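Chemist: Please find data-v5.cif (mmCIF, C-alpha atoms and all ligand atoms) on the next line:
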```cif
data_structure
#
loop_
_atom_site.label_atom_id
_atom_site.label_comp_id
_atom_site.auth_asym_id
_atom_site.auth_seq_id
_atom_site.Cartn_x
_atom_site.Cartn_y
_atom_site.Cartn_z
CA MET D 1 76.16 56.77 -95.09
CA GLY D 2 74.45 56.63 -91.75
CA ARG D 3 73.47 54.57 -88.85
CA GLY D 4 70.69 52.49 -90.32
CA GLU D 5 70.18 49.46 -92.46
CA GLU D 6 68.34 51.48 -95.08
CA PRO D 7 68.89 50.34 -98.63
CA GLY D 8 71.61 52.11 -100.48
CA ARG D 9 73.60 52.96 -97.42
CA ALA D 10 77.11 51.73 -96.88
CA GLY D 11 77.56 49.03 -94.28
CA ILE D 12 80.36 47.48 -92.31
CA GLY D 13 81.22 43.82 -92.70
CA ARG D 14 83.65 42.16 -90.43
CA VAL D 15 85.26 38.82 -89.89
CA LYS D 16 84.71 38.05 -86.25
CA LYS D 17 87.60 35.70 -85.86
CA GLU D 18 90.52 37.61 -84.55
CA ARG D 19 93.96 36.55 -85.57
CA GLU D 20 95.79 34.46 -83.08
CA SER D 21 98.76 36.50 -82.20
CA ARG D 22 100.49 37.34 -79.01
CA ARG D 23 102.54 40.00 -80.71
CA THR D 24 101.96 43.56 -79.71
CA MET D 25 102.19 46.57 -81.95
CA ALA D 26 103.88 49.82 -81.20
CA VAL D 27 101.58 52.79 -81.57
CA LYS D 28 103.57 55.77 -80.40
CA THR D 29 104.12 54.91 -76.75
CA VAL D 30 100.85 52.97 -76.52
CA ARG D 31 101.07 49.26 -77.24
CA LEU D 32 97.92 47.68 -78.56
CA ARG D 33 97.24 43.98 -78.37
CA PRO D 34 94.86 42.00 -80.54
CA GLY D 35 91.31 42.75 -79.40
CA GLU D 36 92.09 46.21 -78.08
CA THR D 37 90.34 49.15 -79.66
CA LEU D 38 92.27 50.68 -82.53
CA ILE D 39 89.64 52.79 -84.29
CA GLU D 40 86.79 54.40 -82.41
CA MET D 41 84.24 56.59 -84.19
CA ARG D 42 81.28 58.19 -82.48
CA GLY D 43 78.69 60.23 -84.38
CA ILE D 44 81.00 60.94 -87.29
CA CYS D 45 79.49 63.28 -89.88
CA LYS D 46 80.95 64.63 -93.08
CA HIS D 47 78.61 67.15 -94.64
CA TYR D 48 79.32 69.13 -97.78
CA VAL D 49 77.51 72.37 -98.49
CA MET D 50 76.70 72.51 -102.20
CA GLY D 51 74.85 75.75 -102.86
CA ASP D 52 71.52 75.48 -101.03
CA GLU D 53 71.92 71.79 -100.43
CA ILE D 54 73.78 69.88 -97.76
CA VAL D 55 75.21 66.55 -98.92
CA ARG D 56 75.41 64.21 -95.93
CA ALA D 57 78.20 61.95 -97.21
CA ASN D 58 78.60 60.43 -93.74
CA ASP D 59 75.82 60.94 -91.24
CA ASN D 60 76.31 59.77 -87.67
CA VAL D 61 78.69 56.84 -88.18
CA ASN D 62 79.55 54.80 -85.11
CA LEU D 63 82.33 52.29 -85.65
CA THR D 64 84.75 50.38 -83.47
CA ILE D 65 87.58 48.34 -84.99
CA ARG D 66 89.85 46.30 -82.76
CA MET D 67 93.40 45.18 -83.40
CA GLY D 68 93.53 42.10 -85.61
CA GLU D 69 90.06 42.50 -87.09
CA PHE D 70 89.45 42.34 -90.83
CA VAL D 71 86.78 44.84 -91.80
CA SER D 72 85.26 45.72 -95.13
CA ILE D 73 83.08 48.71 -95.93
CA VAL D 74 80.45 47.92 -98.51
CA GLY D 75 77.79 50.02 -100.16
CA LYS D 76 76.60 51.27 -103.49
CA SER D 77 78.23 54.11 -105.35
CA GLY D 78 77.78 57.43 -103.58
CA SER D 79 76.90 55.91 -100.20
CA GLY D 80 79.95 57.47 -98.50
CA LYS D 81 82.61 54.74 -98.46
CA SER D 82 85.45 56.86 -99.82
CA THR D 83 84.54 59.73 -97.55
CA LEU D 84 84.72 57.44 -94.54
CA MET D 85 87.94 55.81 -95.69
CA ASN D 86 89.54 59.22 -96.06
CA ILE D 87 88.60 60.04 -92.48
CA ILE D 88 89.75 56.66 -91.16
CA GLY D 89 93.05 57.12 -93.02
CA ALA D 90 93.50 60.61 -91.53
CA LEU D 91 93.50 62.10 -95.02
CA ASP D 92 90.51 64.24 -94.09
CA VAL D 93 88.75 65.36 -90.92
CA PRO D 94 85.05 64.97 -90.11
CA THR D 95 82.62 67.89 -89.94
CA SER D 96 81.58 66.68 -86.49
CA GLY D 97 81.88 63.65 -84.26
CA LEU D 98 84.72 61.96 -82.44
CA TYR D 99 87.45 59.87 -84.06
CA LEU D 100 90.10 58.26 -81.90
CA LEU D 101 92.91 56.44 -83.70
CA GLY D 102 94.99 54.44 -81.25
CA GLY D 103 93.54 56.69 -78.56
CA GLU D 104 94.55 59.92 -80.30
CA ASP D 105 91.88 62.44 -81.23
CA VAL D 106 92.17 62.94 -84.99
CA GLY D 107 89.26 65.38 -85.25
CA ASP D 108 91.08 68.60 -84.55
CA MET D 109 94.53 67.79 -85.90
CA THR D 110 96.39 70.20 -88.14
CA GLN D 111 97.62 69.08 -91.55
CA ASN D 112 101.09 68.48 -90.10
CA GLU D 113 99.72 66.40 -87.25
CA LEU D 114 97.61 64.39 -89.68
CA ALA D 115 100.68 63.74 -91.83
CA ASP D 116 102.54 62.57 -88.74
CA ILE D 117 99.84 60.18 -87.53
CA ARG D 118 99.44 58.79 -91.06
CA ASN D 119 103.13 58.05 -91.23
CA ARG D 120 103.14 56.40 -87.82
CA MET D 121 99.90 54.49 -87.96
CA ILE D 122 98.42 53.96 -91.40
CA GLY D 123 99.59 51.92 -94.37
CA PHE D 124 97.96 52.84 -97.65
CA VAL D 125 97.43 50.48 -100.55
CA PHE D 126 96.05 52.53 -103.40
CA GLN D 127 94.01 51.07 -106.19
CA GLN D 128 96.33 52.76 -108.57
CA TYR D 129 99.51 51.47 -107.15
CA ASN D 130 101.27 54.84 -106.89
CA LEU D 131 104.73 53.31 -107.22
CA LEU D 132 107.46 55.76 -108.14
CA PRO D 133 108.59 54.76 -111.65
CA LYS D 134 112.23 55.80 -111.23
CA LEU D 135 112.83 53.75 -108.10
CA ASN D 136 113.20 49.98 -108.10
CA ILE D 137 110.65 48.05 -106.07
CA LEU D 138 112.90 47.65 -103.04
CA GLU D 139 113.39 51.43 -102.95
CA ASN D 140 109.65 51.94 -103.36
CA VAL D 141 108.95 49.76 -100.32
CA GLU D 142 111.65 51.61 -98.35
CA LEU D 143 109.99 55.00 -98.89
CA PRO D 144 107.73 55.16 -95.81
CA LEU D 145 110.71 54.07 -93.71
CA LEU D 146 112.79 56.87 -95.20
CA TYR D 147 110.16 59.38 -94.14
CA ALA D 148 110.11 57.76 -90.70
CA HIS D 149 113.90 58.31 -90.44
CA VAL D 150 114.77 54.61 -90.23
CA SER D 151 118.48 53.93 -90.92
CA ALA D 152 119.49 52.83 -94.43
CA GLU D 153 120.50 49.35 -93.33
CA GLU D 154 117.31 48.68 -91.40
CA ARG D 155 115.20 50.15 -94.23
CA GLU D 156 116.63 47.74 -96.73
CA GLU D 157 116.30 44.80 -94.40
CA ARG D 158 112.66 45.54 -93.50
CA ALA D 159 111.68 46.36 -97.09
CA TYR D 160 113.24 43.17 -98.37
CA ARG D 161 111.42 41.13 -95.71
CA GLN D 162 108.06 42.62 -96.77
CA LEU D 163 108.82 41.90 -100.43
CA GLU D 164 109.54 38.31 -99.52
CA ARG D 165 106.22 38.09 -97.68
CA VAL D 166 104.37 39.05 -100.85
CA GLY D 167 106.46 36.63 -102.93
CA LEU D 168 108.59 39.21 -104.70
CA GLY D 169 111.97 38.79 -103.01
CA ASP D 170 113.54 37.81 -106.32
CA LYS D 171 112.27 40.98 -108.04
CA ALA D 172 113.70 43.48 -105.57
CA LYS D 173 115.83 45.20 -108.21
CA ASN D 174 113.11 45.33 -110.86
CA MET D 175 111.61 48.64 -111.86
CA PRO D 176 107.82 48.94 -111.43
CA ASN D 177 107.21 48.81 -115.20
CA GLN D 178 108.95 45.43 -115.28
CA LEU D 179 106.18 43.89 -113.16
CA SER D 180 102.66 42.72 -113.91
CA GLY D 181 99.72 44.68 -112.50
CA GLY D 182 99.16 42.12 -109.76
CA GLN D 183 102.85 42.18 -108.82
CA GLN D 184 102.78 45.97 -108.64
CA GLN D 185 99.79 45.75 -106.33
CA ARG D 186 101.73 43.38 -104.10
CA VAL D 187 104.60 45.86 -103.96
CA SER D 188 102.06 48.46 -102.88
CA ILE D 189 100.89 46.11 -100.10
CA ALA D 190 104.51 45.46 -99.03
CA ARG D 191 105.09 49.22 -98.90
CA ALA D 192 101.96 49.71 -96.79
CA LEU D 193 103.14 47.06 -94.32
CA ALA D 194 106.80 48.05 -94.22
CA GLY D 195 106.14 50.97 -91.90
CA ASN D 196 104.58 48.61 -89.33
CA PRO D 197 101.34 50.56 -89.26
CA SER D 198 98.48 49.55 -87.00
CA PRO D 199 95.75 49.48 -89.60
CA ALA D 200 96.81 49.41 -93.20
CA ALA D 201 94.49 51.06 -95.67
CA GLY D 202 93.93 49.44 -99.04
CA GLY D 203 91.43 49.91 -101.83
CA ARG D 204 88.85 47.56 -103.25
CA ALA D 205 91.75 46.16 -105.22
CA HIS D 206 93.26 44.12 -102.40
CA ARG D 207 90.12 42.04 -102.14
CA ARG D 208 91.28 39.43 -104.60
CA ALA D 209 94.42 38.42 -106.39
CA GLY D 210 92.99 39.68 -109.67
CA PHE D 211 93.27 43.35 -108.99
CA GLU D 212 90.98 45.93 -110.44
CA ASP D 213 92.39 49.07 -111.91
CA GLN D 214 90.37 51.85 -110.39
CA PRO D 215 91.08 55.32 -109.05
CA ALA D 216 92.95 55.59 -105.79
CA ASP D 217 90.49 54.88 -103.02
CA PRO D 218 92.08 53.57 -99.91
CA GLY D 219 90.46 50.79 -97.89
CA ILE D 220 91.62 48.94 -94.79
CA LEU D 221 93.93 46.00 -94.32
CA PRO D 222 94.55 44.43 -90.95
CA GLY D 223 97.49 45.52 -88.86
CA ALA D 224 100.91 44.59 -90.10
CA GLU D 225 102.74 41.55 -88.83
CA ARG D 226 106.13 41.97 -87.37
N1 LIG D 301 84.28 67.03 -101.88
C1 LIG D 301 82.97 66.81 -102.03
N2 LIG D 301 82.12 67.83 -102.15
C2 LIG D 301 80.79 67.62 -102.28
N3 LIG D 301 80.21 66.40 -102.26
C3 LIG D 301 81.01 65.34 -102.13
C4 LIG D 301 82.44 65.48 -102.02
N4 LIG D 301 82.98 64.25 -101.89
C5 LIG D 301 81.96 63.38 -101.96
N5 LIG D 301 80.77 64.03 -102.09
C6 LIG D 301 79.43 63.42 -102.15
O1 LIG D 301 79.30 62.60 -101.00
C7 LIG D 301 78.60 61.40 -101.31
C8 LIG D 301 79.47 60.20 -100.92
O2 LIG D 301 80.58 60.13 -101.80
P1 LIG D 301 81.68 58.99 -101.68
O3 LIG D 301 82.16 58.92 -100.27
O4 LIG D 301 82.71 59.26 -102.72
O5 LIG D 301 80.84 57.68 -102.01
P2 LIG D 301 81.33 56.19 -102.38
O6 LIG D 301 82.82 56.10 -102.18
O7 LIG D 301 80.56 55.29 -101.45
O8 LIG D 301 80.94 55.96 -103.80
C9 LIG D 301 78.27 61.48 -102.78
O9 LIG D 301 76.96 61.97 -102.91
C10 LIG D 301 79.27 62.47 -103.32
O10 LIG D 301 78.74 63.15 -104.44
MG MG D 302 84.30 55.54 -103.51
#
```
Translate the structure described by the file into structure tokens.
Modeler:
Amino acid sequence: MGRGEEPGRAGIGRVKKERESRRTMAVKTVRLRPGETLIEMRGICKHYVMGDEIVRANDNVNLTIRMGEFVSIVGKSGSGKSTLMNIIGALDVPTSGLYLLGGEDVGDMTQNELADIRNRMIGFVFQQYNLLPKLNILENVELPLLYAHVSAEEREERAYRQLERVGLGDKAKNMPNQLSGGQQQRVSIARALAGNPSPAAGGRAHRRAGFEDQPADPGILPGAER
């Protein structure tokens, strides 16, 4: 995927209208308000060397996403969407270019630093819901809070609130296999939002209520509401 409008390349679609919200979001010590820059990419490249050939999965991507924006990445198969999503979600680093997430330079982070910024700043909604089968759905939603060392009481309270937001407050004690596919996807969304991330990453599947069942491929949801 590259800079141009050439056919077959992935493109960025965005909903201009920013959400009306005076809330601020905690990003480490920085507090971002709606309209402030959350994701800043300049000249991002991800090139793979395959024998004699270089595959330019992402080639000079420039992208700015502000707090409160809804953004979709569209393009045909192989145009570089997943590659870009993995970089945005701090699951992978670019070959070259600058990526600032909430003002922090992701490009040269170690695996541990990437894990830390993911936990603090990104919520993932996977297309395969990746719920842990032996935990009930409340416990599943609590997981990112557990890793973030939130106290047990606050974990439960915040997880329950997110389940209520997605209409599953009455199913908190259900096991994942006792839910429909769409309900499991909503649990995955609640889990992504429970950690109060800035952007939340979700796959193609969050696009509609009728969720597709495709391999994990994170996409982006807007920042979580408090
Ligand atoms: N790990 C990899 N090694 C080599 N080539 C890769 C790798 N990952 C992706 N690619 C190639 O990069 C291009 C973009 O892939 P991808 O980002 O998965 O596209 P999309 O998600 O838009 O379908 C494809 O040509 C793919 O074959
Ligand atoms: Mg893909």
Chemist: May I ask which of the residues D:Glu139, D:Glu113, D:Asp170, D:Asp105 is the closest one to Arg158 of chain D, counting all atoms listed in the file?
Modeler: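 Under the stated criterion, the closest residue is D:Glu139.
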Chemist: List all protein, DNA and RNA residues that have an atom no more than 7 Å from any atom of ligand MG 302 (chain D), counting only C-alpha atoms and all ligand atoms, and report them as a list of chain:residue names.
Modeler: D:Ser77, D:Gly78, D:Gly80, D:Lys81, D:Ser82, D:Asp217
Chemist: So, counting only C-alpha atoms, which residue among D:Glu154, D:Glu164, D:Val71, D:Leu91 is closest to Asn112 of chain D?
Modeler: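 The closest residue to Asn112 of chain D is D:Leu91.
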Chemist: Against ligand LIG 301 (chain D), which residues of chain D fall within 7 Å? For each one I want the closest pair of atoms and the distance in Å (one decimal), counting all atoms listed in the file, rows by chain and increasing residue number, as CSV.
Modeler:
```
residue,atom,partner,partner_atom,distance
D:Ala10,CA,D:LIG301,O7,6.7
D:Tyr48,CA,D:LIG301,C2,5.0
D:Val49,CA,D:LIG301,C2,6.9
D:Met50,CA,D:LIG301,C2,6.4
D:Val55,CA,D:LIG301,N3,6.0
D:Arg56,CA,D:LIG301,O1,6.6
D:Ala57,CA,D:LIG301,O1,4.0
D:Gly75,CA,D:LIG301,O7,6.1
D:Lys76,CA,D:LIG301,O7,6.0
D:Ser77,CA,D:LIG301,O8,3.6
D:Gly78,CA,D:LIG301,O5,3.4
D:Ser79,CA,D:LIG301,O7,3.9
D:Gly80,CA,D:LIG301,O3,3.2
D:Lys81,CA,D:LIG301,O7,3.7
D:Ser82,CA,D:LIG301,O6,3.6
D:Thr83,CA,D:LIG301,O3,3.7
D:Leu84,CA,D:LIG301,O3,6.4
```
Chemist: Check the smallest atom-to-atom distance from each of D:Gly182, D:Gly195, D:Gly43, D:Pro176 to Arg118 of chain D using all atoms listed in the file, then report the winner.
Modeler: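 Of the candidates, the smallest distance to Arg118 of chain D is held by D:Gly195.
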Chemist: What's the separation between atom CA of Lys171 of chain D and atom CA of Phe70 of chain D, in Å to one decimal place?
Modeler: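 Straight-line distance from atom CA of Lys171 of chain D to atom CA of Phe70 of chain D works out to 28.6 Å.
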Chemist: Could you tell me how far atom CA of Gly167 of chain D lies from atom CA of Lys134 of chain D, in Å and to one decimal?
Modeler: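 Between atom CA of Gly167 of chain D and atom CA of Lys134 of chain D the gap is 21.7 Å.
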Chemist: Excluding Asn62 of chain D and any residue of its chain fewer than 3 positions from it, enumerate the residues within 10 Å of it, using only C-alpha atoms, and give them as a PyMOL selection string.
Modeler: chain D and resi 2-3+40-45+59+97-99
